[in-house]
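One structure is given here, and the rest of the page talks about it.
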Amino acid sequence: MDIKHYMQTLGSQARDASRVIAAADTALKNNALLAIAEALNSQLDQLLQANALDMQNGRSNGLDAALLDRLELNPERIAAMIEGLHQVADLPDPVGDITELQDRPSGIKLGKMRVPLGVVGIIYESRPNVTVDAASLCLKSGNATILRGGSEAIHSNQAIATCISRGLAAVGLPETVVQVIETTDRAAVGELITMTDYVDVIVPRGGKSLIERISAEARVPVIKHLDGNCHVYIDDQADLAKALSIALNAKTHRYGVCNAMESLLVAESVADKILPQLAALYADKGVELRGCEKTCALIDAAVPASEEDWGEEYLAPVLSIKIVDGLDQAIAHINHYSSHHTDAIVTENQEHAARFMRQVDSSSVMVNASTRFADGFEYGLGAEIGISTDKIHARGPVGLEGLTSQKWVVYGDGQIRQ
């Protein structure tokens with residue numbers, strides 16, 4: 001295959017399709033989403049068979065447990081994909097929304113209109129559900145998209161792509177509105193991220209090395225986060241029952257996800273009350289604990305943490321624990337070591353909660369809730385295209401609004417500039 005020619009063809013088709021989908025009305029886009037959902041439901045057995053082949057190949061190729069977990073599809077996960085499509089269909093359409101209308105002294109009326117970005121390129125690893133999430137959000141927000149999944153999920157992604165094509169065709173939209181790259185050749189990625197004539201933004205989802213490569217080599221603007229070193233801080237005025245539940249869920253609900261807690265901070269005044277209880281719960285789950293000197297003195301099973309542990313995204317049953325003097329030290333530690341993804345405080349002190357929310361520099365900051373809620377589905381976005389730790393153009397879970405831009409619109413009645 002001539003990769004450059006292949007990718008240029010996809011890009012040209014996407015640019016043409018972007019103009020069609022940008023002009024599509026809300027009803028047509030929603031009908032397409034529902035048709036894709038119906039196709040996924042009717043092809044359940046084929047999807048599971050394709051995924052089983054990917055899982056078999058993954059085990060043979062030595063994929064670790066976290067990647068296998070991300071790769072796996074089952075009826076429940078496919079049902080969640082279908083539910084996500086329905087949720088996106090139910091969401092308000094941002095395209096064409098005009099806000100901030102104001103009358104100017106000249107007599108003109110000025111406002112801002114939401115418009116699609118154009119063509120969105122998405123590069124991701126392992127998770128085949130991203131194919132549906134990305135397609136649905138791009139479609140509803142009026143964007144064409146080119147999707148490049150990981151080689152380990154090639155059979156799953158192609159099976160999903162067939163369902164998406166059927167759904168688009170069923171309502172009369174070009175199948176090129178959503179294109180899934182068919183080759184596993186890595187050269188395709190190099191082409192995609194440099195096709196400035198055809199692609200308006202790139203969204204990488206995957207490991208840190210992938211995202212670093214994309215950020216370094218892309219000529220197209222990138223929406224990204226590098227990793228998810230998420231923290232939970234148990235304050236000296238925390239409800240300890242809440243703290244136990246939140247700290248357990250944030251770490252053990254799922255390990256191989258970017259919103260799992262990787263570092264636990266505990267105020268010194270409550271450490272001896274809660275850490276032994278947490279240690280017992282983590283032991284039942286097989287979580288390895290790496291702690292500061294004070295933590296190791298309280299927990300026999302803990303091993304000394306290194307400096308590298310405080311900034312690590314484990315994506316595994318491993319947790320670093322640090323005992324801090326109080327709120328100020330917790331905030332300073334988080335802002336130094338955090339990846340600015342998601343950080344949480346457990347406290348009953350509203351002043352402490354307000355300070356934490358103001359001063360922690362992360363895309364999601366939580367009070368008395370598990371970091372696992374940092375997710376487009378949980379935020380009511382239907383799904384997410386990714387999570388951004390950048391401050392421009394979008395931050396946090398990126399849904400429909402994050403896949404649009406704004407342009408100024410002016411209404412006049414014959415006014416001329418004097």
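Labels used: A, B, ... for chains in the order of the structure tokens, numbers from 1 for residues in each chain, and numbers from 1 for ligands as shown.
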
Report as a tab-separated table the residues of region 192-271 of chain A within 12 Å of region 71-78 of chain A, each with its shortest atom pair and distance in Å (one decimal), using only C-alpha atoms, ordered by chain and increasing residue number.
```
residue	atom	partner	partner_atom	distance
A:Gly206	CA	A:Leu71	CA	11.9
A:Gly256	CA	A:Leu71	CA	10.7
A:Val257	CA	A:Leu71	CA	11.9
```

Filtered DSSP result for region 251-348 of chain A, state helix (DSSP H, G or I), as an NGL selection string: :A and (251-252 or 268-285 or 293-298 or 307-311 or 327-337)

Expected file contents, prior selection, C-alpha atoms, as a CSV table (one decimal), in the first residue's frame:
```csv
chain,number,residue,atom,x,y,z
A,251,LYS,CA,-8.0,3.1,43.2
A,252,THR,CA,-9.6,-0.3,42.8
A,268,GLU,CA,-1.1,13.5,59.7
A,269,SER,CA,-3.8,14.0,62.4
A,270,VAL,CA,-6.0,11.3,61.0
A,271,ALA,CA,-3.4,9.0,59.4
A,272,ASP,CA,-3.2,6.5,62.3
A,273,LYS,CA,-7.0,6.2,62.3
A,274,ILE,CA,-7.6,5.6,58.6
A,275,LEU,CA,-4.4,4.2,57.0
A,276,PRO,CA,-4.5,0.8,58.8
A,277,GLN,CA,-8.1,0.3,57.8
A,278,LEU,CA,-7.3,1.3,54.2
A,279,ALA,CA,-4.2,-1.0,54.1
A,280,ALA,CA,-6.4,-4.0,55.0
A,281,LEU,CA,-8.9,-3.1,52.3
A,282,TYR,CA,-6.1,-2.7,49.7
A,283,ALA,CA,-4.5,-6.0,50.8
A,284,ASP,CA,-7.8,-7.8,50.0
A,285,LYS,CA,-7.5,-6.3,46.5
A,293,GLU,CA,8.6,7.1,56.0
A,294,LYS,CA,5.6,7.9,58.2
A,295,THR,CA,3.3,5.7,56.1
A,296,CYS,CA,5.7,2.7,56.4
A,297,ALA,CA,5.8,3.1,60.1
A,298,LEU,CA,2.0,2.7,60.2
A,307,GLU,CA,10.9,10.2,44.3
A,308,GLU,CA,9.7,8.8,41.0
A,309,ASP,CA,6.7,7.2,42.7
A,310,TRP,CA,5.1,10.6,43.5
A,311,GLY,CA,4.8,11.4,39.8
A,327,LEU,CA,-4.1,21.2,53.4
A,328,ASP,CA,-1.3,23.6,52.4
A,329,GLN,CA,1.2,20.8,52.0
A,330,ALA,CA,-1.3,18.6,50.2
A,331,ILE,CA,-2.0,21.4,47.6
A,332,ALA,CA,1.7,22.1,47.2
A,333,HIS,CA,2.4,18.3,46.6
A,334,ILE,CA,-0.4,17.9,44.1
A,335,ASN,CA,0.5,21.0,42.1
A,336,HIS,CA,4.1,19.8,42.0
A,337,TYR,CA,3.6,16.2,41.1
```

Long-range neighbours of region 123-130 of chain A as a ChimeraX atom specification, 8 Å cut-off, only C-alpha atoms, 4 positions minimum in chain: /A:67-68,70-73,77-78,81,134,147-153,156-157,189,202-207,385

Test item, strand (DSSP E) assignment across region 80-253 of chain A, answer as a PyMOL selection string: chain A and resi 98-103+109-116+119-124+144-148+178-180+201-205+230-234

Near region 8-23 of chain A, 12 Å: region 92-135 of chain A residue rows, closest pairs, only C-alpha atoms, as a tab-separated table:
```
residue	atom	partner	partner_atom	distance
A:Asp93	CA	A:Ala22	CA	11.7
A:Pro94	CA	A:Ala22	CA	11.5
A:Val95	CA	A:Ala22	CA	8.2
A:Gly96	CA	A:Ala22	CA	9.7
A:Arg114	CA	A:Ala22	CA	11.1
A:Val115	CA	A:Ala22	CA	7.9
A:Pro116	CA	A:Ala22	CA	6.5
A:Leu117	CA	A:Ser18	CA	9.2
A:Gly118	CA	A:Ser18	CA	5.7
A:Val119	CA	A:Ser18	CA	6.3
A:Val120	CA	A:Ala14	CA	9.0
A:Gly121	CA	A:Gly11	CA	9.5
```

What does the file look like for those residues with N, CA, C and O atoms, as a PDB file, in the first residue's frame?
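As written to disk, again32.pdb reads:
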```
ATOM      1  N   ASP A  93     -27.872  20.048  20.383  1.00  0.00           N
ATOM      2  CA  ASP A  93     -26.912  20.237  19.298  1.00  0.00           C
ATOM      3  C   ASP A  93     -26.275  21.616  19.449  1.00  0.00           C
ATOM      4  O   ASP A  93     -26.970  22.632  19.386  1.00  0.00           O
ATOM      5  N   PRO A  94     -24.944  21.681  19.630  1.00  0.00           N
ATOM      6  CA  PRO A  94     -24.330  23.003  19.815  1.00  0.00           C
ATOM      7  C   PRO A  94     -24.179  23.793  18.515  1.00  0.00           C
ATOM      8  O   PRO A  94     -24.020  25.014  18.556  1.00  0.00           O
ATOM      9  N   VAL A  95     -24.212  23.101  17.375  1.00  0.00           N
ATOM     10  CA  VAL A  95     -23.902  23.753  16.102  1.00  0.00           C
ATOM     11  C   VAL A  95     -24.976  24.783  15.754  1.00  0.00           C
ATOM     12  O   VAL A  95     -26.174  24.495  15.780  1.00  0.00           O
ATOM     13  N   GLY A  96     -24.535  25.981  15.443  1.00  0.00           N
ATOM     14  CA  GLY A  96     -25.454  27.052  15.073  1.00  0.00           C
ATOM     15  C   GLY A  96     -25.977  27.854  16.249  1.00  0.00           C
ATOM     16  O   GLY A  96     -26.669  28.864  16.051  1.00  0.00           O
ATOM     17  N   ARG A 114     -21.652  28.937  17.364  1.00  0.00           N
ATOM     18  CA  ARG A 114     -20.863  27.700  17.468  1.00  0.00           C
ATOM     19  C   ARG A 114     -20.844  26.996  16.118  1.00  0.00           C
ATOM     20  O   ARG A 114     -21.882  26.822  15.476  1.00  0.00           O
ATOM     21  N   VAL A 115     -19.634  26.585  15.711  1.00  0.00           N
ATOM     22  CA  VAL A 115     -19.446  25.932  14.414  1.00  0.00           C
ATOM     23  C   VAL A 115     -18.524  24.735  14.580  1.00  0.00           C
ATOM     24  O   VAL A 115     -17.700  24.691  15.511  1.00  0.00           O
ATOM     25  N   PRO A 116     -18.635  23.726  13.729  1.00  0.00           N
ATOM     26  CA  PRO A 116     -17.749  22.562  13.819  1.00  0.00           C
ATOM     27  C   PRO A 116     -16.294  22.956  13.579  1.00  0.00           C
ATOM     28  O   PRO A 116     -15.993  23.949  12.922  1.00  0.00           O
ATOM     29  N   LEU A 117     -15.390  22.128  14.102  1.00  0.00           N
ATOM     30  CA  LEU A 117     -13.964  22.335  13.847  1.00  0.00           C
ATOM     31  C   LEU A 117     -13.604  21.955  12.416  1.00  0.00           C
ATOM     32  O   LEU A 117     -12.696  22.523  11.829  1.00  0.00           O
ATOM     33  N   GLY A 118     -14.279  20.959  11.848  1.00  0.00           N
ATOM     34  CA  GLY A 118     -14.030  20.539  10.470  1.00  0.00           C
ATOM     35  C   GLY A 118     -13.734  19.064  10.368  1.00  0.00           C
ATOM     36  O   GLY A 118     -14.644  18.236  10.344  1.00  0.00           O
ATOM     37  N   VAL A 119     -12.442  18.702  10.330  1.00  0.00           N
ATOM     38  CA  VAL A 119     -12.011  17.301  10.289  1.00  0.00           C
ATOM     39  C   VAL A 119     -11.163  17.026  11.520  1.00  0.00           C
ATOM     40  O   VAL A 119     -10.172  17.722  11.771  1.00  0.00           O
ATOM     41  N   VAL A 120     -11.573  16.030  12.278  1.00  0.00           N
ATOM     42  CA  VAL A 120     -10.884  15.666  13.511  1.00  0.00           C
ATOM     43  C   VAL A 120     -10.191  14.321  13.308  1.00  0.00           C
ATOM     44  O   VAL A 120     -10.840  13.329  12.956  1.00  0.00           O
ATOM     45  N   GLY A 121      -8.895  14.279  13.526  1.00  0.00           N
ATOM     46  CA  GLY A 121      -8.147  13.028  13.485  1.00  0.00           C
ATOM     47  C   GLY A 121      -7.945  12.504  14.888  1.00  0.00           C
ATOM     48  O   GLY A 121      -7.515  13.255  15.775  1.00  0.00           O
TER      49      GLY A 121
END
```

Who sits within 8 Å of Ile321 (chain A), only C-alpha atoms, same chain under 3 positions skipped, as a ChimeraX atom specification: /A:263-266,289-292,295

Residue contacts of Met366 (chain A) (8 Å, only C-alpha atoms) excluding same-chain residues fewer than 5 positions away, as a VMD selection string: chain A and resid 342 to 345 357 371

Two-atom distance - CA of Ala50 (chain A), CA of Ala159 (chain A) (Å): 6.7 Å

Could you produce a table of the residues of region 43-145 of chain A lying within 12 Å of region 165-179 of chain A, with the nearest pair of atoms per residue and their separation in Å rounded to one decimal, using only C-alpha atoms, ordered by chain and increasing residue number, as CSV?
```
residue,atom,partner,partner_atom,distance
A:Gln43,CA,A:Arg166,CA,10.9
A:Leu85,CA,A:Gly167,CA,11.6
A:Gly118,CA,A:Val177,CA,10.6
A:Val119,CA,A:Val177,CA,9.1
A:Val120,CA,A:Val178,CA,9.8
A:Gly121,CA,A:Gln179,CA,9.7
A:Ile122,CA,A:Gln179,CA,10.5
A:Thr131,CA,A:Val178,CA,9.6
A:Val132,CA,A:Val178,CA,10.0
A:Asp133,CA,A:Val178,CA,11.7
A:Ala134,CA,A:Val178,CA,9.3
A:Ala135,CA,A:Val178,CA,6.3
A:Ser136,CA,A:Val178,CA,9.3
A:Leu137,CA,A:Val178,CA,10.9
A:Cys138,CA,A:Val178,CA,8.5
A:Leu139,CA,A:Val177,CA,7.4
A:Lys140,CA,A:Val177,CA,11.1
A:Ser141,CA,A:Val177,CA,11.8
A:Gly142,CA,A:Val177,CA,9.3
A:Asn143,CA,A:Val177,CA,7.6
A:Ala144,CA,A:Val177,CA,4.6
A:Thr145,CA,A:Val178,CA,5.1
```

Restricted to N, CA, C and O atoms, what would the selected residues look like written as an mmCIF file, in the first residue's frame?
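The resulting file, part04.cif, is shown below:
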```
data_model
loop_
_atom_site.group_PDB
_atom_site.id
_atom_site.type_symbol
_atom_site.label_atom_id
_atom_site.label_comp_id
_atom_site.auth_asym_id
_atom_site.auth_seq_id
_atom_site.Cartn_x
_atom_site.Cartn_y
_atom_site.Cartn_z
ATOM 1 N N GLN A 43 -25.333 -6.534 15.198
ATOM 2 C CA GLN A 43 -24.070 -7.200 14.888
ATOM 3 C C GLN A 43 -23.317 -7.616 16.155
ATOM 4 O O GLN A 43 -22.089 -7.775 16.126
ATOM 5 N N LEU A 85 -24.497 6.251 22.398
ATOM 6 C CA LEU A 85 -25.049 6.809 21.160
ATOM 7 C C LEU A 85 -26.411 7.442 21.405
ATOM 8 O O LEU A 85 -26.712 8.536 20.901
ATOM 9 N N GLY A 118 -14.279 20.959 11.848
ATOM 10 C CA GLY A 118 -14.030 20.539 10.470
ATOM 11 C C GLY A 118 -13.734 19.064 10.368
ATOM 12 O O GLY A 118 -14.644 18.236 10.344
ATOM 13 N N VAL A 119 -12.442 18.702 10.330
ATOM 14 C CA VAL A 119 -12.011 17.301 10.289
ATOM 15 C C VAL A 119 -11.163 17.026 11.520
ATOM 16 O O VAL A 119 -10.172 17.722 11.771
ATOM 17 N N VAL A 120 -11.573 16.030 12.278
ATOM 18 C CA VAL A 120 -10.884 15.666 13.511
ATOM 19 C C VAL A 120 -10.191 14.321 13.308
ATOM 20 O O VAL A 120 -10.840 13.329 12.956
ATOM 21 N N GLY A 121 -8.895 14.279 13.526
ATOM 22 C CA GLY A 121 -8.147 13.028 13.485
ATOM 23 C C GLY A 121 -7.945 12.504 14.888
ATOM 24 O O GLY A 121 -7.515 13.255 15.775
ATOM 25 N N ILE A 122 -8.266 11.241 15.114
ATOM 26 C CA ILE A 122 -8.175 10.668 16.460
ATOM 27 C C ILE A 122 -7.303 9.418 16.411
ATOM 28 O O ILE A 122 -7.525 8.519 15.603
ATOM 29 N N THR A 131 -13.821 4.063 19.312
ATOM 30 C CA THR A 131 -14.270 4.206 17.925
ATOM 31 C C THR A 131 -15.698 4.730 17.877
ATOM 32 O O THR A 131 -16.016 5.637 17.098
ATOM 33 N N VAL A 132 -16.557 4.184 18.718
ATOM 34 C CA VAL A 132 -17.951 4.627 18.753
ATOM 35 C C VAL A 132 -18.069 5.984 19.435
ATOM 36 O O VAL A 132 -18.777 6.877 18.953
ATOM 37 N N ASP A 133 -17.398 6.156 20.575
ATOM 38 C CA ASP A 133 -17.465 7.439 21.280
ATOM 39 C C ASP A 133 -17.039 8.587 20.368
ATOM 40 O O ASP A 133 -17.717 9.620 20.276
ATOM 41 N N ALA A 134 -15.904 8.402 19.713
ATOM 42 C CA ALA A 134 -15.357 9.456 18.866
ATOM 43 C C ALA A 134 -16.269 9.736 17.676
ATOM 44 O O ALA A 134 -16.546 10.897 17.337
ATOM 45 N N ALA A 135 -16.735 8.668 17.037
ATOM 46 C CA ALA A 135 -17.606 8.841 15.879
ATOM 47 C C ALA A 135 -18.885 9.576 16.258
ATOM 48 O O ALA A 135 -19.337 10.480 15.545
ATOM 49 N N SER A 136 -19.481 9.212 17.389
ATOM 50 C CA SER A 136 -20.753 9.819 17.779
ATOM 51 C C SER A 136 -20.603 11.293 18.100
ATOM 52 O O SER A 136 -21.420 12.122 17.680
ATOM 53 N N LEU A 137 -19.571 11.638 18.829
ATOM 54 C CA LEU A 137 -19.386 13.037 19.205
ATOM 55 C C LEU A 137 -19.015 13.901 18.005
ATOM 56 O O LEU A 137 -19.498 15.027 17.868
ATOM 57 N N CYS A 138 -18.143 13.382 17.147
ATOM 58 C CA CYS A 138 -17.783 14.143 15.951
ATOM 59 C C CYS A 138 -18.996 14.335 15.046
ATOM 60 O O CYS A 138 -19.226 15.431 14.521
ATOM 61 N N LEU A 139 -19.786 13.283 14.875
ATOM 62 C CA LEU A 139 -20.961 13.361 14.008
ATOM 63 C C LEU A 139 -21.962 14.386 14.543
ATOM 64 O O LEU A 139 -22.430 15.258 13.803
ATOM 65 N N LYS A 140 -22.273 14.294 15.834
ATOM 66 C CA LYS A 140 -23.279 15.204 16.401
ATOM 67 C C LYS A 140 -22.803 16.661 16.363
ATOM 68 O O LYS A 140 -23.613 17.587 16.183
ATOM 69 N N SER A 141 -21.500 16.869 16.515
ATOM 70 C CA SER A 141 -20.970 18.231 16.499
ATOM 71 C C SER A 141 -20.646 18.721 15.096
ATOM 72 O O SER A 141 -20.037 19.776 14.915
ATOM 73 N N GLY A 142 -21.036 17.936 14.079
ATOM 74 C CA GLY A 142 -20.914 18.380 12.699
ATOM 75 C C GLY A 142 -19.541 18.244 12.093
ATOM 76 O O GLY A 142 -19.228 18.894 11.096
ATOM 77 N N ASN A 143 -18.703 17.375 12.667
ATOM 78 C CA ASN A 143 -17.346 17.166 12.168
ATOM 79 C C ASN A 143 -17.226 15.834 11.438
ATOM 80 O O ASN A 143 -17.851 14.843 11.827
ATOM 81 N N ALA A 144 -16.392 15.798 10.413
ATOM 82 C CA ALA A 144 -15.942 14.520 9.865
ATOM 83 C C ALA A 144 -14.755 14.056 10.690
ATOM 84 O O ALA A 144 -14.065 14.869 11.320
ATOM 85 N N THR A 145 -14.504 12.744 10.712
ATOM 86 C CA THR A 145 -13.402 12.243 11.523
ATOM 87 C C THR A 145 -12.675 11.108 10.821
ATOM 88 O O THR A 145 -13.274 10.325 10.080
#
```

Polymer residues at most 10 Å from Ala369 (chain A), only C-alpha atoms, same-chain spacing of 2 or more positions, as a ChimeraX atom specification: /A:232,242-243,245-247,249-250,343-346,365-367,371-374

Pick from A:Thr194, A:Ser320, A:Ser405, A:Ser60 nearest to Glu262 (chain A), counting only C-alpha atoms: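 Answer, going by the shortest atom-to-atom distance: A:Ser320.
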
For CA of Ala316 (chain A) and CA of Ala238 (chain A), the interatomic separation in Å (one decimal): 26.6 Å

Residue contacts of Leu315 (chain A) (10 Å, only C-alpha atoms) excluding same-chain residues fewer than 4 positions away, as an NGL selection string: :A and (65-67 or 227-229 or 251 or 254-262 or 319)
